[in-house]
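> Can you keep this structure in mind? I'll have questions shortly.
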Amino acid sequence: MYEKDGEKFFVVDSHMHYWNAAPDNWVPGAEQYAKGWIECFHAYQGLGPPQTHWSIEHFQKYSEDDLMKDVFENGHVDVAIFQPTYLKEWYKEGFNTTERNAVMGQRHPGKFRYNTRWDPRDGDEGLRVLRENVERYGSKGCKLYSAEWNNGSRGWKLTDPGAYRYLEACQDLGITNIHVHKGPTIWPLDKDAFDVSDVDHAATDFPDLNFIVEHVGLPRIEDFCFMATQEPNVYAGLAVVIGGLMHARPRFFAKVIGELLFWVGEDKMTFGSDYAIWEPRWQVEGFVDWEMPDSEEFSDYPRLTTAGKKKILGLNAARLYGIDVPAECQLDAQLVSGA
Amino acid sequence: MTVSVIAPARLLAALESVRDPELDEPITTLGFVASCTVSDSGDAQVRLRLPTYFCAPNFAFLMVADAYDAVSALPGVRTTEVVLEDHFAADAINGGVAARAGFARSFDGEAVGELHELRADFLRKAVLAGTDLLCRSLIATGTEPRALAALTIGQVPPSPELDRLRQRRAELGLPAQDASPLVIDPRSGAAVIADAMPLHLRKAHTTRVSIEANTGICRGMLRHRYATSGLGEEEQ
């Protein structure tokens, strides 16, 4: 929980990781991709405040103690949701798997939720593993990284027939939250890999599932906004928006938040630190202090109230994941009736 | 045969015409040109760099291919080599462009077509963003948003923003004459009517914000990746 000026913010970090990207985990022959991937992440960290930058060695592999300190002790986070990314073609044990996250998280009861993942190209065997992970770790959500390389394939779409089998399985298994993350490769490569129209179709066809588009569809914020405004079950995951813009490009940060408030609304925006790319502390503190600038340039954007910040930082994700929020952190009756 | 020596500045000037299709900005000002040289005998070499190792290969290919075309079209250039550095698909892109193989052949089995449609999609976004830039300044000086529907290009005071918008529309084969409507649907080319104007402008603005925010992130990533400025790089 974070408290400022008498206001109490319940913080759910709905997008964070516990990875090992050190050379001991690189797949022989794919070292350049493993190295390129983590260096790319490290460059993103460079967009945060200088005092929060890590050495590349620390960034490649941080400890359980580092995570607990950065996220919970110093980072104000109440509950964190692990979002696995496998990348097993590049990392021997995976970049951060459901299992790696859970083995660590289970030593800290109540602090984490364990999302799992699936890849439609894994066929029947993948469905079996999905069922097993849900049984074992109680996953209520999954993270889909559609640009992942898999046996010569450079990616997939949610509208692929194989993907619909998995979405149906999610419904059967009680998974309700589908976190979608677009990346730079997909098949075929001549199409825009960041196109979000497949999420649009899937959200229409699976109205009981929530689709949280991570990084708000970056770099296709506009396509994401036009889609999300029409689909009641599509959410904006703010990982990268706060971390990548709030410090480095404050004017664009205000504009992007303004666009999201206009098209998507504060009830459907969720905070994620993207740890260990960025530590949550400066993001939470900065976001609570942040105000839409007053100048003409920003005049047609909605304003964000304290109640809106509470929703975005934790209450919205708590609702999606059925996380209990202490009474002192809930919106008070006056604010709710005025909302 | 001896040809006249080409000044490197002319090479750089040619590269200014090459844009990042996603960001709609020259690769020079973005800092993507690591070096460009030309020998006395007219052998040109350009080295390009991008903000990340994993930048989308289709856009990377377009920039390398466009740079190749721009440089090789210069009088006095005998051979052209364009090398993309530090990119996961550098070999396929560099080899494919050098062999003039096109995108689909350069990424055999991984692509089904060329990149014309992708480029056009992003030019349409550039038209929308340019429309916002221009119309915001008109609205700020007193034009009613709905009244924009009645304006033609020729009725708007000349400006670099107007030239740029006109150029993007012409590239797409959209109306770009003085008598053409100022605000059009970038897909059909039809004029946007007054009733549809507020939503059209709202979407145009979001498109511009998205492109500018992406540009900000790309610039930040490039700065983190390389200690030196690119040739012709302009801070923003």
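Chain lettering (A, B, ...) mirrors the order of the structure tokens, residue numbering begins at 1 for each chain separately, and ligand numbering begins at 1 in order of display.
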Using only C-alpha atoms, which chain B residues lie at most 7 Å away from chain A, written as a ChimeraX atom specification?
/B:52-56,58,110-115,118,206-207,209-210,213-214,216-217,220-221,224-225
> As a ChimeraX atom specification, please: every residue in range 5-189 of chain B that DSSP puts in strand (DSSP E).
/B:19-20,25-26,33-38,43-48,79-84
> Keeping only C-alpha atoms, write those residues as a PDB file, in the first residue's frame.

ATOM      1  CA  ARG B  19      11.987   7.948 -44.012  1.00  0.00           C
ATOM      2  CA  ASP B  20      11.223   5.497 -41.254  1.00  0.00           C
ATOM      3  CA  GLU B  25      10.595  11.005 -40.192  1.00  0.00           C
ATOM      4  CA  PRO B  26      13.892  10.971 -42.153  1.00  0.00           C
ATOM      5  CA  VAL B  33      22.736   6.811 -40.282  1.00  0.00           C
ATOM      6  CA  ALA B  34      25.916   5.592 -38.595  1.00  0.00           C
ATOM      7  CA  SER B  35      28.172   6.548 -41.500  1.00  0.00           C
ATOM      8  CA  CYS B  36      28.187   7.222 -45.209  1.00  0.00           C
ATOM      9  CA  THR B  37      31.256   7.368 -47.399  1.00  0.00           C
ATOM     10  CA  VAL B  38      32.067   7.388 -51.055  1.00  0.00           C
ATOM     11  CA  ASP B  43      31.822   3.337 -54.533  1.00  0.00           C
ATOM     12  CA  ALA B  44      29.313   4.384 -51.879  1.00  0.00           C
ATOM     13  CA  GLN B  45      28.908   2.728 -48.522  1.00  0.00           C
ATOM     14  CA  VAL B  46      26.186   3.495 -45.998  1.00  0.00           C
ATOM     15  CA  ARG B  47      25.891   1.993 -42.539  1.00  0.00           C
ATOM     16  CA  LEU B  48      22.523   2.138 -40.784  1.00  0.00           C
ATOM     17  CA  THR B  79      28.391   0.868 -56.707  1.00  0.00           C
ATOM     18  CA  THR B  80      26.257   1.053 -53.598  1.00  0.00           C
ATOM     19  CA  GLU B  81      26.454  -0.948 -50.424  1.00  0.00           C
ATOM     20  CA  VAL B  82      24.014  -0.408 -47.561  1.00  0.00           C
ATOM     21  CA  VAL B  83      24.710  -2.313 -44.361  1.00  0.00           C
ATOM     22  CA  LEU B  84      22.304  -2.571 -41.454  1.00  0.00           C
TER      23      LEU B  84
END
> Identify, with DSSP run on backbone atoms, the residues in range 118-170 of chain B assigned to alpha helix (DSSP H), and express the list as a PyMOL selection string.
chain B and resi 118-140+160-170
> Restrict the selected residues to N, CA and C atoms and save them as an mmCIF file, in the first residue's frame.

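The resulting file, again_14.cif, is shown below:
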data_model
loop_
_atom_site.group_PDB
_atom_site.id
_atom_site.type_symbol
_atom_site.label_atom_id
_atom_site.label_comp_id
_atom_site.auth_asym_id
_atom_site.auth_seq_id
_atom_site.Cartn_x
_atom_site.Cartn_y
_atom_site.Cartn_z
ATOM 1 N N LEU B 118 1.934 -2.539 -46.738
ATOM 2 C CA LEU B 118 2.380 -2.107 -45.408
ATOM 3 C C LEU B 118 2.789 -0.637 -45.453
ATOM 4 N N ARG B 119 3.541 -0.282 -46.483
ATOM 5 C CA ARG B 119 3.988 1.108 -46.621
ATOM 6 C C ARG B 119 2.788 2.048 -46.793
ATOM 7 N N ALA B 120 1.832 1.617 -47.590
ATOM 8 C CA ALA B 120 0.649 2.456 -47.812
ATOM 9 C C ALA B 120 -0.149 2.636 -46.517
ATOM 10 N N ASP B 121 -0.273 1.560 -45.734
ATOM 11 C CA ASP B 121 -0.998 1.670 -44.460
ATOM 12 C C ASP B 121 -0.378 2.751 -43.581
ATOM 13 N N PHE B 122 0.950 2.809 -43.590
ATOM 14 C CA PHE B 122 1.621 3.759 -42.704
ATOM 15 C C PHE B 122 1.649 5.164 -43.300
ATOM 16 N N LEU B 123 1.601 5.247 -44.607
ATOM 17 C CA LEU B 123 1.429 6.570 -45.221
ATOM 18 C C LEU B 123 0.058 7.152 -44.867
ATOM 19 N N ARG B 124 -0.949 6.294 -44.806
ATOM 20 C CA ARG B 124 -2.290 6.772 -44.418
ATOM 21 C C ARG B 124 -2.272 7.308 -42.991
ATOM 22 N N LYS B 125 -1.540 6.633 -42.133
ATOM 23 C CA LYS B 125 -1.406 7.143 -40.759
ATOM 24 C C LYS B 125 -0.698 8.501 -40.773
ATOM 25 N N ALA B 126 0.306 8.619 -41.637
ATOM 26 C CA ALA B 126 1.037 9.891 -41.736
ATOM 27 C C ALA B 126 0.116 11.004 -42.238
ATOM 28 N N VAL B 127 -0.785 10.661 -43.158
ATOM 29 C CA VAL B 127 -1.756 11.654 -43.646
ATOM 30 C C VAL B 127 -2.665 12.100 -42.498
ATOM 31 N N LEU B 128 -3.132 11.140 -41.703
ATOM 32 C CA LEU B 128 -3.987 11.492 -40.569
ATOM 33 C C LEU B 128 -3.243 12.387 -39.583
ATOM 34 N N ALA B 129 -2.010 12.003 -39.244
ATOM 35 C CA ALA B 129 -1.233 12.792 -38.285
ATOM 36 C C ALA B 129 -0.972 14.193 -38.837
ATOM 37 N N GLY B 130 -0.667 14.280 -40.122
ATOM 38 C CA GLY B 130 -0.424 15.584 -40.746
ATOM 39 C C GLY B 130 -1.678 16.444 -40.805
ATOM 40 N N THR B 131 -2.828 15.787 -40.958
ATOM 41 C CA THR B 131 -4.108 16.504 -40.948
ATOM 42 C C THR B 131 -4.348 17.126 -39.574
ATOM 43 N N ASP B 132 -4.035 16.355 -38.535
ATOM 44 C CA ASP B 132 -4.199 16.883 -37.173
ATOM 45 C C ASP B 132 -3.307 18.091 -36.941
ATOM 46 N N LEU B 133 -2.058 17.947 -37.340
ATOM 47 C CA LEU B 133 -1.088 19.031 -37.134
ATOM 48 C C LEU B 133 -1.580 20.326 -37.784
ATOM 49 N N LEU B 134 -2.052 20.201 -39.012
ATOM 50 C CA LEU B 134 -2.489 21.377 -39.764
ATOM 51 C C LEU B 134 -3.805 21.932 -39.214
ATOM 52 N N CYS B 135 -4.772 21.051 -38.994
ATOM 53 C CA CYS B 135 -6.099 21.506 -38.568
ATOM 54 C C CYS B 135 -6.075 22.098 -37.164
ATOM 55 N N ARG B 136 -5.224 21.571 -36.298
ATOM 56 C CA ARG B 136 -5.129 22.146 -34.949
ATOM 57 C C ARG B 136 -4.707 23.608 -35.025
ATOM 58 N N SER B 137 -3.769 23.902 -35.915
ATOM 59 C CA SER B 137 -3.322 25.295 -35.993
ATOM 60 C C SER B 137 -4.419 26.173 -36.611
ATOM 61 N N LEU B 138 -5.194 25.621 -37.544
ATOM 62 C CA LEU B 138 -6.302 26.397 -38.115
ATOM 63 C C LEU B 138 -7.384 26.656 -37.066
ATOM 64 N N ILE B 139 -7.676 25.639 -36.272
ATOM 65 C CA ILE B 139 -8.712 25.782 -35.242
ATOM 66 C C ILE B 139 -8.243 26.788 -34.177
ATOM 67 N N ALA B 140 -6.953 26.733 -33.861
ATOM 68 C CA ALA B 140 -6.405 27.652 -32.848
ATOM 69 C C ALA B 140 -6.507 29.105 -33.298
ATOM 70 N N PRO B 160 5.096 24.654 -44.121
ATOM 71 C CA PRO B 160 5.799 23.370 -44.298
ATOM 72 C C PRO B 160 4.888 22.189 -43.989
ATOM 73 N N GLU B 161 3.985 22.373 -43.007
ATOM 74 C CA GLU B 161 3.072 21.279 -42.634
ATOM 75 C C GLU B 161 2.127 20.953 -43.795
ATOM 76 N N LEU B 162 1.679 22.009 -44.480
ATOM 77 C CA LEU B 162 0.781 21.791 -45.623
ATOM 78 C C LEU B 162 1.523 21.088 -46.767
ATOM 79 N N ASP B 163 2.756 21.532 -47.017
ATOM 80 C CA ASP B 163 3.557 20.889 -48.076
ATOM 81 C C ASP B 163 3.738 19.405 -47.795
ATOM 82 N N ARG B 164 4.027 19.126 -46.547
ATOM 83 C CA ARG B 164 4.281 17.744 -46.162
ATOM 84 C C ARG B 164 3.028 16.884 -46.331
ATOM 85 N N LEU B 165 1.893 17.434 -45.906
ATOM 86 C CA LEU B 165 0.631 16.700 -46.038
ATOM 87 C C LEU B 165 0.301 16.447 -47.514
ATOM 88 N N ARG B 166 0.516 17.454 -48.308
ATOM 89 C CA ARG B 166 0.272 17.340 -49.739
ATOM 90 C C ARG B 166 1.157 16.245 -50.360
ATOM 91 N N GLN B 167 2.400 16.256 -49.954
ATOM 92 C CA GLN B 167 3.352 15.274 -50.485
ATOM 93 C C GLN B 167 2.948 13.844 -50.113
ATOM 94 N N ARG B 168 2.543 13.646 -48.852
ATOM 95 C CA ARG B 168 2.128 12.310 -48.423
ATOM 96 C C ARG B 168 0.888 11.853 -49.199
ATOM 97 N N ARG B 169 -0.038 12.762 -49.392
ATOM 98 C CA ARG B 169 -1.255 12.408 -50.136
ATOM 99 C C ARG B 169 -0.912 12.055 -51.576
ATOM 100 N N ALA B 170 -0.011 12.824 -52.171
ATOM 101 C CA ALA B 170 0.380 12.547 -53.561
ATOM 102 C C ALA B 170 1.048 11.173 -53.661
#
> Which of these, B:Asp66, B:Asp185, B:Glu85, B:Asp195, has the shortest distance to Phe32 in chain B once you count only C-alpha atoms?
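Closest candidate: B:Glu85.
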> Considering only C-alpha atoms, return as a short mmCIF file (atom, residue, chain, number, x, y, z; two decimals) with N, CA and C atoms, in the first residue's frame whatever protein or nucleic-acid residues lie within 9 Å of Asp200 in chain A, sequence-local ones (same chain, fewer than 3 positions apart) excluded.

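Wrote it out as selection_9.cif, contents follow:
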data_model
loop_
_atom_site.label_atom_id
_atom_site.label_comp_id
_atom_site.auth_asym_id
_atom_site.auth_seq_id
_atom_site.Cartn_x
_atom_site.Cartn_y
_atom_site.Cartn_z
N VAL A 196 -3.48 -5.09 -33.98
CA VAL A 196 -4.27 -5.64 -32.88
C VAL A 196 -5.66 -6.12 -33.30
N SER A 197 -5.90 -6.18 -34.62
CA SER A 197 -7.26 -6.53 -35.04
C SER A 197 -7.63 -7.96 -34.65
N ALA A 203 -11.97 -10.90 -28.84
CA ALA A 203 -12.74 -10.30 -27.75
C ALA A 203 -14.24 -10.36 -28.06
N THR A 204 -14.59 -10.21 -29.32
CA THR A 204 -16.00 -10.31 -29.71
C THR A 204 -16.50 -11.74 -29.57
N ASP A 205 -15.66 -12.69 -29.97
CA ASP A 205 -16.07 -14.10 -29.96
C ASP A 205 -16.02 -14.74 -28.57
N PHE A 224 -5.19 0.35 -31.05
CA PHE A 224 -5.68 -0.22 -29.80
C PHE A 224 -6.86 0.60 -29.25
N MET A 227 -10.09 0.18 -31.13
CA MET A 227 -10.66 -1.14 -30.90
C MET A 227 -11.23 -1.24 -29.48
N ALA A 228 -10.46 -0.81 -28.49
CA ALA A 228 -10.86 -0.98 -27.09
C ALA A 228 -12.14 -0.21 -26.78
N GLN A 230 -14.67 0.01 -28.46
CA GLN A 230 -15.84 -0.74 -28.93
C GLN A 230 -16.05 -2.07 -28.23
N GLU A 231 -15.04 -2.52 -27.49
CA GLU A 231 -15.12 -3.85 -26.90
C GLU A 231 -15.13 -3.73 -25.37
N VAL A 234 -12.13 -5.38 -23.31
CA VAL A 234 -10.72 -5.10 -23.64
C VAL A 234 -10.18 -4.02 -22.70
#
> I want to know what sits within 10 Å of range 276-287 of chain A, based on only C-alpha atoms, with residues of the same chain fewer than 2 positions away left out; could you give that as a PyMOL selection string?
chain A and resi 2-4+9+11+13+16-19+38+41-49+52-54+59-62+66-67+70-77+239-240+242-244+246-247+271-274+289-291+309+312-313
> To one decimal in Å, tell me the separation between CA of Leu30 in chain B and CA of His215 in chain A.
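So the answer is 22.8 Å.
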> Residues near range 127-136 of chain A, anyone? I mean within 9 Å using only C-alpha atoms, not counting same-chain ones fewer than 6 positions away, as an mmCIF file with C-alpha atoms, in the first residue's frame.

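To be explicit, this is the file written out as around31.cif:
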data_model
loop_
_atom_site.group_PDB
_atom_site.id
_atom_site.type_symbol
_atom_site.label_atom_id
_atom_site.label_comp_id
_atom_site.auth_asym_id
_atom_site.auth_seq_id
_atom_site.Cartn_x
_atom_site.Cartn_y
_atom_site.Cartn_z
ATOM 1 C CA THR A 98 5.234 -20.306 -14.823
ATOM 2 C CA GLU A 99 7.157 -22.821 -12.757
ATOM 3 C CA ASN A 115 -0.359 -16.471 -14.616
ATOM 4 C CA THR A 116 0.576 -19.111 -17.111
ATOM 5 C CA ARG A 117 0.876 -19.033 -20.893
ATOM 6 C CA TRP A 118 0.125 -21.008 -24.018
ATOM 7 C CA ASP A 119 1.120 -21.121 -27.631
ATOM 8 C CA PRO A 120 -1.346 -22.561 -30.186
ATOM 9 C CA ARG A 165 -9.111 -24.107 -29.094
ATOM 10 C CA TYR A 166 -6.953 -22.663 -26.362
ATOM 11 C CA ALA A 169 -9.941 -24.292 -22.922
ATOM 12 C CA CYS A 170 -9.289 -21.131 -20.890
ATOM 13 C CA LEU A 173 -10.535 -24.021 -16.895
ATOM 14 C CA GLY A 174 -11.683 -20.800 -15.232
ATOM 15 C CA ILE A 175 -9.013 -18.565 -16.728
#
> Name all residues at most 9 Å from His181 in chain A (count only C-alpha atoms; drop same-chain ones fewer than 5 positions away) and give them as an mmCIF file with N, CA and C atoms, in the first residue's frame.

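Once everything was written out, this is part.cif:
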data_model
loop_
_atom_site.group_PDB
_atom_site.id
_atom_site.type_symbol
_atom_site.label_atom_id
_atom_site.label_comp_id
_atom_site.auth_asym_id
_atom_site.auth_seq_id
_atom_site.Cartn_x
_atom_site.Cartn_y
_atom_site.Cartn_z
ATOM 1 N N LYS A 143 -0.490 -15.086 -20.099
ATOM 2 C CA LYS A 143 0.205 -14.082 -20.891
ATOM 3 C C LYS A 143 0.518 -14.700 -22.249
ATOM 4 N N LEU A 144 0.121 -14.010 -23.310
ATOM 5 C CA LEU A 144 0.370 -14.516 -24.651
ATOM 6 C C LEU A 144 1.355 -13.592 -25.359
ATOM 7 N N TYR A 145 2.486 -14.153 -25.741
ATOM 8 C CA TYR A 145 3.456 -13.376 -26.506
ATOM 9 C C TYR A 145 3.474 -13.935 -27.920
ATOM 10 N N SER A 146 2.758 -13.267 -28.822
ATOM 11 C CA SER A 146 2.493 -13.868 -30.129
ATOM 12 C C SER A 146 3.674 -13.767 -31.095
ATOM 13 N N ALA A 147 4.733 -13.063 -30.711
ATOM 14 C CA ALA A 147 5.905 -12.952 -31.596
ATOM 15 C C ALA A 147 6.957 -14.003 -31.267
ATOM 16 N N ILE A 212 -6.516 -8.090 -21.764
ATOM 17 C CA ILE A 212 -5.724 -6.954 -21.314
ATOM 18 C C ILE A 212 -4.573 -6.796 -22.311
ATOM 19 N N VAL A 213 -4.640 -5.756 -23.115
ATOM 20 C CA VAL A 213 -3.601 -5.555 -24.120
ATOM 21 C C VAL A 213 -2.431 -4.844 -23.458
ATOM 22 N N GLU A 214 -1.327 -5.578 -23.291
ATOM 23 C CA GLU A 214 -0.177 -5.024 -22.584
ATOM 24 C C GLU A 214 0.527 -3.979 -23.437
ATOM 25 N N HIS A 215 1.101 -3.031 -22.747
ATOM 26 C CA HIS A 215 1.798 -1.925 -23.404
ATOM 27 C C HIS A 215 0.824 -1.171 -24.321
ATOM 28 N N VAL A 216 -0.461 -1.224 -23.972
ATOM 29 C CA VAL A 216 -1.554 -0.570 -24.713
ATOM 30 C C VAL A 216 -1.372 -0.664 -26.235
ATOM 31 N N GLY A 217 -0.869 -1.816 -26.655
ATOM 32 C CA GLY A 217 -0.711 -2.025 -28.097
ATOM 33 C C GLY A 217 0.483 -1.300 -28.695
#
> Could you check the closest approach to His179 in chain A for each of A:Ala327, A:Cys142, A:Leu167, A:Ala254 and tell me which residue wins, using only C-alpha atoms?
A:Cys142
> Hey, what's within 12 Å of Ile93 in chain B if we count only C-alpha atoms and toss same-chain stuff fewer than 5 positions away? As a PyMOL selection string, please?
chain B and resi 48+56-65+68+82-88+98-108
> With N, CA and C atoms kept, could you save the residues just selected as a PDB file, in the first residue's frame?

ATOM      1  N   LEU B  48      23.720   1.726 -41.539  1.00  0.00           N
ATOM      2  CA  LEU B  48      22.523   2.138 -40.784  1.00  0.00           C
ATOM      3  C   LEU B  48      22.452   1.386 -39.462  1.00  0.00           C
ATOM      4  N   ALA B  56      11.247  -4.260 -36.023  1.00  0.00           N
ATOM      5  CA  ALA B  56      10.494  -5.073 -36.979  1.00  0.00           C
ATOM      6  C   ALA B  56      11.246  -5.198 -38.308  1.00  0.00           C
ATOM      7  N   PRO B  57      11.471  -6.436 -38.784  1.00  0.00           N
ATOM      8  CA  PRO B  57      12.293  -6.643 -39.974  1.00  0.00           C
ATOM      9  C   PRO B  57      11.694  -6.053 -41.249  1.00  0.00           C
ATOM     10  N   ASN B  58      10.354  -5.956 -41.316  1.00  0.00           N
ATOM     11  CA  ASN B  58       9.768  -5.416 -42.552  1.00  0.00           C
ATOM     12  C   ASN B  58      10.090  -3.923 -42.704  1.00  0.00           C
ATOM     13  N   PHE B  59       9.962  -3.167 -41.634  1.00  0.00           N
ATOM     14  CA  PHE B  59      10.289  -1.740 -41.724  1.00  0.00           C
ATOM     15  C   PHE B  59      11.797  -1.533 -41.917  1.00  0.00           C
ATOM     16  N   ALA B  60      12.574  -2.366 -41.262  1.00  0.00           N
ATOM     17  CA  ALA B  60      14.031  -2.272 -41.425  1.00  0.00           C
ATOM     18  C   ALA B  60      14.404  -2.505 -42.888  1.00  0.00           C
ATOM     19  N   PHE B  61      13.771  -3.502 -43.497  1.00  0.00           N
ATOM     20  CA  PHE B  61      14.048  -3.809 -44.901  1.00  0.00           C
ATOM     21  C   PHE B  61      13.721  -2.604 -45.786  1.00  0.00           C
ATOM     22  N   LEU B  62      12.571  -1.980 -45.532  1.00  0.00           N
ATOM     23  CA  LEU B  62      12.179  -0.821 -46.350  1.00  0.00           C
ATOM     24  C   LEU B  62      13.215   0.296 -46.252  1.00  0.00           C
ATOM     25  N   MET B  63      13.720   0.548 -45.061  1.00  0.00           N
ATOM     26  CA  MET B  63      14.693   1.631 -44.905  1.00  0.00           C
ATOM     27  C   MET B  63      16.005   1.315 -45.616  1.00  0.00           C
ATOM     28  N   VAL B  64      16.455   0.081 -45.514  1.00  0.00           N
ATOM     29  CA  VAL B  64      17.696  -0.303 -46.187  1.00  0.00           C
ATOM     30  C   VAL B  64      17.503  -0.239 -47.706  1.00  0.00           C
ATOM     31  N   ALA B  65      16.368  -0.750 -48.178  1.00  0.00           N
ATOM     32  CA  ALA B  65      16.110  -0.751 -49.627  1.00  0.00           C
ATOM     33  C   ALA B  65      15.950   0.673 -50.152  1.00  0.00           C
ATOM     34  N   TYR B  68      19.297   2.298 -50.332  1.00  0.00           N
ATOM     35  CA  TYR B  68      20.011   1.781 -51.503  1.00  0.00           C
ATOM     36  C   TYR B  68      19.554   2.514 -52.771  1.00  0.00           C
ATOM     37  N   VAL B  82      24.670  -0.890 -48.779  1.00  0.00           N
ATOM     38  CA  VAL B  82      24.014  -0.408 -47.561  1.00  0.00           C
ATOM     39  C   VAL B  82      24.034  -1.550 -46.553  1.00  0.00           C
ATOM     40  N   VAL B  83      24.569  -1.277 -45.386  1.00  0.00           N
ATOM     41  CA  VAL B  83      24.710  -2.313 -44.361  1.00  0.00           C
ATOM     42  C   VAL B  83      23.934  -1.906 -43.122  1.00  0.00           C
ATOM     43  N   LEU B  84      22.983  -2.760 -42.731  1.00  0.00           N
ATOM     44  CA  LEU B  84      22.304  -2.571 -41.454  1.00  0.00           C
ATOM     45  C   LEU B  84      23.126  -3.283 -40.381  1.00  0.00           C
ATOM     46  N   GLU B  85      23.433  -2.566 -39.295  1.00  0.00           N
ATOM     47  CA  GLU B  85      24.289  -3.124 -38.240  1.00  0.00           C
ATOM     48  C   GLU B  85      23.447  -3.627 -37.064  1.00  0.00           C
ATOM     49  N   ASP B  86      23.965  -4.590 -36.349  1.00  0.00           N
ATOM     50  CA  ASP B  86      23.439  -4.982 -35.027  1.00  0.00           C
ATOM     51  C   ASP B  86      21.946  -5.295 -35.037  1.00  0.00           C
ATOM     52  N   HIS B  87      21.517  -6.092 -35.995  1.00  0.00           N
ATOM     53  CA  HIS B  87      20.092  -6.428 -36.084  1.00  0.00           C
ATOM     54  C   HIS B  87      19.932  -7.924 -36.309  1.00  0.00           C
ATOM     55  N   PHE B  88      18.915  -8.524 -35.689  1.00  0.00           N
ATOM     56  CA  PHE B  88      18.802  -9.991 -35.752  1.00  0.00           C
ATOM     57  C   PHE B  88      18.638 -10.492 -37.186  1.00  0.00           C
ATOM     58  N   ALA B  98      21.046  -6.107 -51.386  1.00  0.00           N
ATOM     59  CA  ALA B  98      22.186  -6.094 -52.312  1.00  0.00           C
ATOM     60  C   ALA B  98      21.861  -6.883 -53.575  1.00  0.00           C
ATOM     61  N   ALA B  99      21.132  -7.976 -53.409  1.00  0.00           N
ATOM     62  CA  ALA B  99      20.792  -8.822 -54.557  1.00  0.00           C
ATOM     63  C   ALA B  99      19.523  -8.329 -55.257  1.00  0.00           C
ATOM     64  N   ARG B 100      18.944  -7.233 -54.750  1.00  0.00           N
ATOM     65  CA  ARG B 100      17.694  -6.697 -55.293  1.00  0.00           C
ATOM     66  C   ARG B 100      16.644  -7.803 -55.363  1.00  0.00           C
ATOM     67  N   ALA B 101      16.569  -8.565 -54.294  1.00  0.00           N
ATOM     68  CA  ALA B 101      15.737  -9.772 -54.314  1.00  0.00           C
ATOM     69  C   ALA B 101      14.291  -9.495 -53.917  1.00  0.00           C
ATOM     70  N   GLY B 102      14.007  -8.330 -53.357  1.00  0.00           N
ATOM     71  CA  GLY B 102      12.667  -8.101 -52.839  1.00  0.00           C
ATOM     72  C   GLY B 102      12.522  -8.744 -51.474  1.00  0.00           C
ATOM     73  N   PHE B 103      11.439  -8.397 -50.784  1.00  0.00           N
ATOM     74  CA  PHE B 103      11.272  -8.856 -49.403  1.00  0.00           C
ATOM     75  C   PHE B 103      10.936 -10.338 -49.313  1.00  0.00           C
ATOM     76  N   ALA B 104       9.994 -10.775 -50.128  1.00  0.00           N
ATOM     77  CA  ALA B 104       9.525 -12.162 -50.017  1.00  0.00           C
ATOM     78  C   ALA B 104      10.646 -13.157 -50.292  1.00  0.00           C
ATOM     79  N   ARG B 105      11.521 -12.833 -51.259  1.00  0.00           N
ATOM     80  CA  ARG B 105      12.625 -13.753 -51.550  1.00  0.00           C
ATOM     81  C   ARG B 105      13.718 -13.667 -50.491  1.00  0.00           C
ATOM     82  N   SER B 106      13.878 -12.470 -49.909  1.00  0.00           N
ATOM     83  CA  SER B 106      14.894 -12.303 -48.870  1.00  0.00           C
ATOM     84  C   SER B 106      14.523 -13.073 -47.607  1.00  0.00           C
ATOM     85  N   PHE B 107      13.214 -13.203 -47.370  1.00  0.00           N
ATOM     86  CA  PHE B 107      12.732 -13.951 -46.202  1.00  0.00           C
ATOM     87  C   PHE B 107      11.950 -15.157 -46.694  1.00  0.00           C
ATOM     88  N   ASP B 108      12.649 -16.018 -47.379  1.00  0.00           N
ATOM     89  CA  ASP B 108      12.016 -17.149 -48.052  1.00  0.00           C
ATOM     90  C   ASP B 108      11.194 -17.988 -47.070  1.00  0.00           C
TER      91      ASP B 108
END
